[in-house]
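Participant: Got entry-v8.cif for you, mmCIF, C-alpha atoms:
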data_data
#
loop_
_atom_site.label_atom_id
_atom_site.label_comp_id
_atom_site.auth_asym_id
_atom_site.auth_seq_id
_atom_site.Cartn_x
_atom_site.Cartn_y
_atom_site.Cartn_z
CA MET A 12 0.00 0.00 0.00
CA PRO A 13 1.47 3.40 -0.91
CA ASN A 14 2.01 5.80 1.95
CA TYR A 15 0.06 8.98 2.51
CA ARG A 16 0.56 12.11 4.59
CA VAL A 17 -1.65 13.42 7.36
CA ARG A 18 -0.76 16.82 8.76
CA PHE A 19 -1.63 17.69 12.33
CA SER A 20 -4.16 20.50 12.34
CA GLN A 21 -2.91 24.06 12.00
CA SER A 22 -6.31 25.68 12.48
CA PRO A 23 -6.39 28.41 15.14
CA ASP A 24 -9.85 27.11 16.03
CA SER A 25 -8.40 23.73 17.08
CA PRO A 26 -7.24 23.93 20.70
CA ILE A 27 -3.88 22.39 21.53
CA VAL A 28 -4.05 18.88 22.91
CA ARG A 29 -4.40 18.59 26.67
CA ALA A 30 -1.42 16.46 27.66
CA LYS A 31 -0.27 15.18 31.02
CA LEU A 32 3.04 13.59 31.98
CA PHE A 33 3.35 10.64 34.35
CA GLY A 34 6.74 9.61 35.73
CA ILE A 35 6.52 6.03 36.99
CA GLY A 36 9.10 4.49 39.31
CA SER A 37 12.62 5.76 39.96
CA ALA A 38 13.58 6.10 36.28
CA GLY A 39 10.28 7.73 35.34
CA CYS A 40 10.51 10.25 38.17
CA ASN A 41 14.01 11.19 36.98
CA ILE A 42 12.90 11.57 33.35
CA ILE A 43 10.07 14.00 34.10
CA GLU A 44 12.14 16.22 36.38
CA GLY A 45 11.95 19.80 35.14
CA ALA A 46 9.54 18.97 32.30
CA PRO A 47 7.38 21.90 31.10
CA PHE A 48 4.09 20.02 31.48
CA PRO A 49 1.61 19.15 34.20
CA ALA A 50 3.38 16.18 35.78
CA VAL A 51 2.56 13.38 38.19
CA ALA A 52 5.23 11.31 39.95
CA ILE A 53 4.19 7.77 40.92
CA SER A 54 6.36 5.28 42.76
CA SER A 55 6.42 2.60 45.44
CA SER A 56 9.45 4.40 46.92
CA ALA A 57 8.96 7.43 49.17
CA ALA A 58 12.56 8.45 48.40
CA ASP A 59 11.73 8.78 44.68
CA LEU A 60 8.85 11.11 45.48
CA ALA A 61 10.87 13.12 47.98
CA ARG A 62 13.40 13.96 45.24
CA SER A 63 10.71 14.81 42.69
CA HIS A 64 9.49 18.33 41.99
CA ALA A 65 6.33 17.12 40.22
CA GLU A 66 3.22 19.08 41.15
CA ARG A 67 1.46 15.87 42.18
CA LYS A 68 2.89 12.75 43.80
CA VAL A 69 1.34 9.35 44.43
CA LEU A 70 2.86 6.67 46.65
CA VAL A 71 1.68 3.13 45.82
CA GLY A 72 3.11 0.20 47.77
CA GLN A 73 4.62 -2.72 45.86
CA ASP A 74 2.13 -5.15 47.36
CA ARG A 75 -0.73 -3.02 46.05
CA LEU A 76 0.80 -2.76 42.59
CA ILE A 77 1.18 -6.52 42.47
CA GLY A 78 -2.48 -6.81 43.51
CA ILE A 79 -3.61 -4.98 40.37
CA SER A 80 -0.93 -6.29 38.01
CA ASP A 81 -3.44 -7.94 35.70
CA ALA A 82 -4.81 -5.52 33.12
CA ASP A 83 -8.50 -6.45 32.98
CA PRO A 84 -11.77 -4.59 32.47
CA ASP A 85 -12.50 -4.71 36.21
CA ILE A 86 -9.49 -2.58 37.12
CA MET A 87 -11.62 0.54 37.62
CA ILE A 88 -13.83 -1.38 40.04
CA ARG A 89 -10.92 -2.66 42.13
CA LEU A 90 -8.70 0.41 41.87
CA PRO A 91 -10.42 2.74 44.39
CA SER A 92 -9.93 0.19 47.17
CA ILE A 93 -6.20 0.12 46.40
CA VAL A 94 -5.18 3.66 45.47
CA GLY A 95 -8.39 5.62 45.98
CA HIS A 96 -10.09 7.85 43.40
CA GLU A 97 -7.23 10.34 43.10
CA LEU A 98 -5.25 8.51 40.42
CA PRO A 99 -8.11 7.80 37.96
CA ASP A 100 -9.29 11.40 38.36
CA MET A 101 -5.89 12.62 37.14
CA PHE A 102 -6.87 11.46 33.66
CA ASN A 103 -9.86 13.80 33.56
CA ASN A 104 -9.65 16.58 30.95
CA THR A 105 -6.64 14.85 29.35
CA GLU A 106 -6.58 13.74 25.72
CA VAL A 107 -3.03 12.33 25.77
CA ALA A 108 -1.19 10.81 28.74
CA PHE A 109 2.56 10.38 28.31
CA MET A 110 3.84 7.70 30.68
CA MET A 111 7.61 7.59 31.25
CA CYS A 112 9.21 4.59 32.91
CA GLY A 113 12.02 2.09 33.10
CA LEU A 114 10.98 -1.55 32.83
CA GLY A 115 12.43 -4.38 34.91
CA GLY A 116 11.53 -3.20 38.41
CA THR A 117 8.21 -3.35 40.22
CA SER A 118 7.18 0.31 40.13
CA GLY A 119 7.97 0.95 36.47
CA SER A 120 6.73 -2.36 35.09
CA LEU A 121 3.51 -2.77 37.06
CA GLY A 122 2.84 0.96 37.33
CA ALA A 123 3.00 1.45 33.56
CA LYS A 124 0.55 -1.41 33.07
CA MET A 125 -1.81 0.03 35.67
CA LEU A 126 -1.78 3.55 34.21
CA SER A 127 -2.16 2.23 30.66
CA SER A 128 -5.24 0.33 31.79
CA ILE A 129 -6.71 3.41 33.47
CA ALA A 130 -6.06 5.54 30.37
CA ARG A 131 -7.75 2.96 28.18
CA VAL A 132 -10.86 2.78 30.36
CA LYS A 133 -11.02 6.57 30.62
CA GLY A 134 -10.75 6.97 26.84
CA THR A 135 -7.40 8.78 27.05
CA THR A 136 -4.72 8.16 24.45
CA GLY A 137 -1.95 6.52 26.47
CA ILE A 138 1.59 6.74 25.08
CA VAL A 139 4.21 4.84 27.07
CA LEU A 140 7.90 5.71 26.65
CA ALA A 141 9.89 2.92 28.28
CA ALA A 142 13.59 2.26 28.79
CA THR A 143 14.45 -1.46 28.82
CA PRO A 144 17.37 -3.08 30.68
CA PHE A 145 20.92 -3.68 29.49
CA SER A 146 21.56 -7.21 28.22
CA ALA A 147 24.17 -7.52 31.00
CA GLU A 148 21.54 -7.05 33.72
CA SER A 149 20.03 -10.00 35.57
CA ILE A 150 17.95 -12.51 33.66
CA ARG A 151 15.06 -11.94 36.05
CA ARG A 152 15.06 -8.18 35.46
CA ARG A 153 15.13 -8.66 31.69
CA GLU A 154 12.34 -11.24 31.85
CA VAL A 155 10.18 -8.89 33.95
CA ALA A 156 10.81 -6.08 31.43
CA SER A 157 10.02 -8.28 28.43
CA ARG A 158 6.78 -9.52 29.96
CA ALA A 159 5.74 -6.01 30.98
CA LEU A 160 6.53 -4.62 27.52
CA HIS A 161 4.40 -7.30 25.87
CA GLU A 162 1.46 -6.57 28.19
CA ILE A 163 1.77 -2.79 27.81
CA LEU A 164 1.70 -3.17 24.03
CA SER A 165 -1.66 -4.91 24.30
CA ILE A 166 -3.13 -2.09 26.42
CA SER A 167 -1.60 1.25 25.43
CA SER A 168 -2.34 3.31 22.34
CA LEU A 169 1.40 3.41 21.59
CA CYS A 170 4.52 2.15 23.36
CA VAL A 171 7.96 3.52 22.45
CA GLU A 172 10.89 1.37 23.57
CA PHE A 173 14.36 2.78 24.32
CA ASP A 174 16.82 -0.13 24.64
CA ASN A 175 19.53 0.77 27.18
CA ASP A 176 22.08 -1.26 25.22
CA LYS A 177 22.06 1.53 22.64
CA LEU A 178 23.33 4.12 25.13
CA SER A 179 26.92 3.51 24.01
CA SER A 180 26.00 4.97 20.62
CA LEU A 181 25.35 8.37 22.23
CA GLY A 182 29.09 8.94 22.34
CA SER A 183 32.36 7.22 23.18
CA ASN A 184 33.70 7.22 26.75
CA ILE A 185 30.63 8.95 28.18
CA PRO A 186 30.12 8.10 31.87
CA LEU A 187 26.99 6.04 32.44
CA SER A 188 25.38 8.72 34.60
CA ARG A 189 25.90 11.24 31.79
CA ALA A 190 24.49 8.78 29.23
CA PHE A 191 21.35 8.33 31.32
CA GLY A 192 20.96 12.10 31.48
CA LEU A 193 21.20 12.30 27.69
CA LEU A 194 18.67 9.49 27.34
CA ASN A 195 16.23 11.30 29.62
CA GLY A 196 16.38 14.32 27.30
CA ILE A 197 15.94 12.15 24.21
CA MET A 198 12.92 10.38 25.72
CA MET A 199 11.34 13.73 26.50
CA ARG A 200 11.80 14.99 22.92
CA PRO A 201 8.76 13.25 21.33
CA VAL A 202 6.62 14.40 24.27
CA ILE A 203 7.59 18.03 23.67
CA ASP A 204 7.21 17.82 19.91
CA LEU A 205 3.86 16.01 19.85
CA SER A 206 2.47 18.38 22.46
CA ALA A 207 3.59 21.35 20.35
CA THR A 208 1.88 20.16 17.16
CA MET A 209 -1.14 17.99 18.00
CA THR A 210 -4.55 19.47 18.66
CA ARG A 211 -7.56 17.89 20.28
CA ASP A 212 -9.08 17.40 16.83
CA ASP A 213 -6.06 15.34 15.73
CA VAL A 214 -6.31 12.69 18.44
CA PRO A 215 -9.15 10.49 17.06
CA GLY A 216 -7.63 10.37 13.56
CA PHE A 217 -4.20 9.69 15.00
CA ARG A 218 -5.44 6.71 17.01
CA GLN A 219 -7.39 5.36 14.06
CA GLY A 220 -4.41 5.81 11.73
CA ILE A 221 -1.99 4.06 14.08
CA GLY A 222 -4.44 1.20 14.47
CA ASP A 223 -2.74 -1.89 15.82
CA SER A 224 0.75 -0.55 15.12
CA THR A 225 1.29 -0.08 18.83
CA TYR A 226 5.08 -0.63 18.99
CA ALA A 227 7.46 2.20 18.14
CA ARG A 228 11.09 3.27 18.23
CA PHE A 229 12.49 6.80 18.10
CA GLY A 230 15.01 8.63 15.94
CA LEU A 231 16.29 12.18 16.26
CA GLY A 232 18.15 14.25 13.67
CA LEU A 233 19.81 17.68 13.72
CA GLY A 234 21.25 19.41 10.68
CA ARG A 235 22.79 22.69 9.60
CA GLY A 236 24.48 24.02 6.51
CA ASP A 237 23.77 23.61 2.80
CA GLU A 238 22.89 19.90 3.07
CA ARG A 239 20.99 20.15 6.31
CA VAL A 240 17.83 18.44 5.04
CA GLU A 241 19.79 15.41 3.88
CA ARG A 242 21.71 15.35 7.16
CA VAL A 243 18.69 15.67 9.42
CA VAL A 244 16.84 12.82 7.68
CA HIS A 245 19.90 10.58 7.57
CA GLU A 246 20.60 11.09 11.27
CA ALA A 247 16.98 10.41 12.22
CA VAL A 248 16.51 7.24 10.15
CA THR A 249 19.86 5.77 11.25
CA SER A 250 18.90 6.01 14.92
CA PRO A 251 20.46 3.19 16.98
CA TRP A 252 16.97 2.30 18.19
CA PHE A 253 15.83 1.44 14.65
CA ASP A 254 17.01 -2.16 14.62
CA PHE A 255 14.25 -3.32 12.28
CA PRO A 256 13.83 -2.63 8.54
CA LEU A 257 12.13 0.75 8.13
CA ILE A 258 10.83 -0.33 4.74
CA ASN A 259 8.28 -2.45 6.63
CA ALA A 260 7.03 0.42 8.83
CA ALA A 261 3.25 0.61 9.07
CA ALA A 262 3.10 4.18 10.34
CA ALA A 263 5.39 7.01 11.35
CA ILE A 264 5.11 10.36 13.09
CA ALA A 265 7.52 13.09 11.95
CA ILE A 266 7.84 16.44 13.71
CA PHE A 267 9.95 19.11 11.98
CA SER A 268 11.18 22.18 13.82
CA SER A 269 13.40 25.14 13.08
CA ALA A 270 13.65 28.81 13.96
CA ASP A 271 11.52 29.58 10.90
CA PRO A 272 10.01 26.43 9.33
CA TRP A 273 10.17 26.59 5.55
CA ASP A 274 7.57 24.73 3.51
CA LYS A 275 10.10 23.70 0.87
CA GLU A 276 12.39 22.10 3.44
CA ILE A 277 9.49 20.36 5.16
CA SER A 278 8.30 18.93 1.83
CA GLU A 279 11.78 17.64 1.04
CA VAL A 280 12.08 16.01 4.47
CA LEU A 281 8.73 14.26 4.02
CA SER A 282 9.60 13.10 0.50
CA ARG A 283 12.85 11.59 1.75
CA LEU A 284 11.03 9.83 4.57
CA GLU A 285 8.48 8.42 2.14
CA GLY A 286 11.34 7.01 0.11
CA VAL A 287 12.68 5.19 3.17
CA MET A 288 9.24 4.01 4.36
CA PRO A 289 7.17 3.49 1.18
CA SER A 290 4.25 1.76 2.94
CA ALA A 291 3.92 3.94 6.01
CA LYS A 292 1.10 6.26 6.94
CA LEU A 293 2.98 9.46 7.68
CA PHE A 294 1.60 11.79 10.33
CA TRP A 295 3.52 15.04 10.54
CA GLY A 296 3.66 18.45 12.12
CA ALA A 297 5.97 21.45 12.24
CA TYR A 298 6.59 24.30 14.64
CA SER A 299 8.99 27.14 15.31
CA ASP A 300 11.77 26.80 17.90
CA ALA A 301 13.97 29.89 18.10
CA SER A 302 16.59 28.05 20.17
CA LEU A 303 17.61 26.03 17.09
CA ALA A 304 19.15 29.15 15.44
CA ASP A 305 20.54 27.94 12.09
CA ARG A 306 19.77 24.26 12.69
CA ILE A 307 16.74 22.13 11.85
CA ARG A 308 15.48 19.19 13.90
CA LEU A 309 13.51 16.06 13.02
CA SER A 310 11.82 13.83 15.57
CA LEU A 311 10.74 10.50 14.11
CA LEU A 312 8.59 7.80 15.67
CA VAL A 313 8.41 4.66 13.52
CA CYS A 314 5.61 2.25 14.33
CA THR A 315 5.16 -1.45 13.66
CA LYS A 316 2.58 -3.98 14.72
CA ALA A 317 3.09 -5.46 18.17
#
Could I get this file's structure written as structure tokens?
Facilitator:
Amino acid sequence: MPNYRVRFSQSPDSPIVRAKLFGIGSAGCNIIEGAPFPAVAISSSAADLARSHAERKVLVGQDRLIGISDADPDIMIRLPSIVGHELPDMFNNTEVAFMMCGLGGTSGSLGAKMLSSIARVKGTTGIVLAATPFSAESIRRREVASRALHEILSISSLCVEFDNDKLSSLGSNIPLSRAFGLLNGIMMRPVIDLSATMTRDDVPGFRQGIGDSTYARFGLGLGRGDERVERVVHEAVTSPWFDFPLINAAAAIAIFSSADPWDKEISEVLSRLEGVMPSAKLFWGAYSDASLADRIRLSLLVCTKA
């Protein structure tokens, strides 16, 4: 099937999407720190919440998370007796919930499943951005992460995986703590870009267009100079997290940004992406970011069926 383009609405009559950010577990709480969005920190560790500057914090014990680990239609019936009404109510007046987490531990793995289930029941588009363990970590941790990822894919509207093994590609001889900091910024990028370009009117068509292509990976490109369009596309599509053939992509979301977005450059970027992903439905948006100066940026989410 040939691809086609769907632009996120640019109508001034279409209000910007109401998005909310959820940081789940220790990794999730770290990722959302300082984010420019309404944010909720959720963890089974009081220490995680004490460090967080999120405007709302929810402490959920591990035993209670385990008690609601199965994502079933009755979750909204059982949930108030476990965490009260506060957590489900946080999804009110929210079209898109971005859920940031690391998989492998109890809080991140079970918490992401729980929130994805709540979002689904509440009719909120739930997008999970999850870091998965290094291959050198314990077998048990990797098995927990793999099982959680599989279950999240069956519940969420979209799940974007960031494999920790790819951190070495961010630069040579970078200390691990620095690499995690860079990854936190990269994981936040699609949240910022989607929130800047999607409107409330875009959400139903977006969910319908994605369909059952609920698994995604992320690529980011920056370019400057005479060949900056070629550079920005090349850098995005050669992302270390794209370890599957892009030619088979079912859908993709591309967000272009520059100090002064130019229609000709945007068109060339989209044409190049269509050449790489000839069968993909291509959702796209563009916005101005003065901080880029003479550079252009491309955020690319590539989706496949779970």
Participant: Check which residues satisfy the PyMOL selection byres ((chain A and resi 185-191) around 12) in the file shown, then give them as an NGL selection string.
Facilitator: :A and (38-39 or 41-42 or 113 or 142 or 145 or 173-184 or 192-198)
Participant: Kindly assemble as CSV a list of the region 191-272 of chain A residues that lie within 6 Å of region 287-291 of chain A, each paired with its nearest atom pair and their distance in Å to one decimal, using all atoms listed in the file, sorted first by chain and then by ascending residue number.
Facilitator:
residue,atom,partner,partner_atom,distance
A:Leu257,CA,A:Met288,CA,5.8
A:Ile258,CA,A:Met288,CA,4.6
A:Ala260,CA,A:Ala291,CA,5.5
A:Ala261,CA,A:Ala291,CA,4.6
A:Ala262,CA,A:Ala291,CA,4.4
Participant: What's the 9 Å shell around Thr117 (chain A), counting all atoms listed in the file, without same-chain residues fewer than 4 positions away, as a count of residues only?
Facilitator: 8
Participant: Quick one: distance from CA of Glu279 (chain A) to CA of Arg16 (chain A) in Å, one decimal?
Facilitator: 13.0 Å
Participant: Please determine, counting all atoms listed in the file, which residue among A:Ser206, A:Ser25, A:Ser54, A:Ser224 has the shortest atom-to-atom distance to Val171 (chain A).
Facilitator: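 Result for the nearest residue to Val171 (chain A): A:Ser224.
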Participant: My list of candidates is A:Gln219, A:Ser250, A:Gln21, A:Asn104. Which is closest to Gly232 (chain A) when distances are computed with all atoms listed in the file?
Facilitator: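 Checking each of A:Gln219, A:Ser250, A:Gln21, A:Asn104 against Gly232 (chain A), counting all atoms listed in the file, the winner is A:Ser250.
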Participant: Mind giving me the straight-line distance from CA of Val243 (chain A) to CA of Ala301 (chain A) in Å, one decimal?
Facilitator: 17.3 Å
Participant: How far is it from CA of Pro215 (chain A) to CA of Val244 (chain A), in Å with one decimal?
Facilitator: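 Here the two named atoms are 27.7 Å from each other.
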Participant: Translate the PyMOL selection byres ((chain A and resi 60) around 12), as applied to the file shown, into an explicit residue set as a PyMOL selection string.
Facilitator: chain A and resi 34-41+43-44+51-59+61-71
Participant: Considering only C-alpha atoms, state which residue in the set A:Ala265, A:Leu114, A:Leu303, A:Ile166 is at the smallest distance from Val132 (chain A).
Facilitator: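 With only C-alpha atoms as the atom set, the closest residue is A:Ile166.
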Participant: Write out as a ChimeraX atom specification which residues come within 8 Å of region 314-317 of chain A when counting only C-alpha atoms, dropping same-chain ones fewer than 5 positions away.
Facilitator: /A:164-165,221,223-228,259-263
Participant: Compare A:Tyr298, A:Trp252, A:Phe109, A:Val240 by their minimum atom-to-atom distance to Glu276 (chain A), counting all atoms listed in the file, and give me the closest one.
Facilitator: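 Closest candidate: A:Val240.
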Participant: Using all atoms listed in the file, give me every residue within 9 Å of (6.4, 15.7, 26.5) in file coordinates, as a VMD selection string.
Facilitator: chain A and resid 30 to 32 43 46 to 48 109 198 to 207
Participant: Grab all the atoms of region 291-299 of chain A that the file lists, wrap them in a box along x, y and z, add 8 Å per side, and give me centre plus edge lengths in Å (one decimal) as JSON.
Facilitator:
{"center_x": 5.0, "center_y": 15.5, "center_z": 10.7, "size_x": 23.9, "size_y": 39.2, "size_z": 25.3}
Participant: Can you give me, as a list in words, the residues this file yields under the PyMOL selection byres ((chain A and resi 153) around 12)?
Facilitator: Gly113, Leu114, Gly115, Gly116, Ser120, Ala142, Thr143, Pro144, Phe145, Ser146, Ala147, Glu148, Ser149, Ile150, Arg151, Arg152, Glu154, Val155, Ala156, Ser157, Arg158, Ala159, Leu160, Asp174 and Asn175 of chain A
Participant: Taking the point (-9.9, 8.4, 22.3) as given in the file, collect each protein or nucleic acid residue that comes within 8 Å of it, counting only C-alpha atoms, and present the set as a list of chain:residue names.
Facilitator: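 Within 8 Å of (-9.9, 8.4, 22.3), the protein and nucleic acid residues are A:Glu106, A:Gly134, A:Thr135, A:Thr136, A:Val214, A:Pro215, A:Arg218.
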Participant: Counting all atoms listed in the file, what is within 12 Å of Asp237 (chain A), bar same-chain residues fewer than 4 positions away, as a PDB file with C-alpha atoms, in the coordinates of the input?
Facilitator:
ATOM      1  CA  GLU A 241      19.790  15.410   3.880  1.00  0.00           C
ATOM      2  CA  ARG A 242      21.710  15.350   7.160  1.00  0.00           C
ATOM      3  CA  VAL A 243      18.690  15.670   9.420  1.00  0.00           C
ATOM      4  CA  GLU A 276      12.390  22.100   3.440  1.00  0.00           C
ATOM      5  CA  ASP A 305      20.540  27.940  12.090  1.00  0.00           C
ATOM      6  CA  ARG A 306      19.770  24.260  12.690  1.00  0.00           C
ATOM      7  CA  ILE A 307      16.740  22.130  11.850  1.00  0.00           C
TER       8      ILE A 307
END
Participant: Find the residues around Val28 (chain A) up to 6 Å (only C-alpha atoms counted), leave out those fewer than 4 positions away in its own chain, and share them as a list in words.
Facilitator: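 What passes the distance filter is Met209, Thr210 and Arg211 of chain A.
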Participant: Quick one: write out the picked residues with C-alpha atoms as a compact mmCIF listing (two decimals), keeping the file's coordinate frame?
Facilitator:
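Saved file result.txt follows:
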# COMPACT_ATOMS: atom_id res chain seq x y z
CA MET A 209 -1.14 17.99 18.00
CA THR A 210 -4.55 19.47 18.66
CA ARG A 211 -7.56 17.89 20.28
Participant: Check the smallest atom-to-atom distance from each of A:Gly286, A:Val280, A:Arg18, A:Ala270 to Ser302 (chain A) using all atoms listed in the file, then report the winner.
Facilitator: A:Ala270
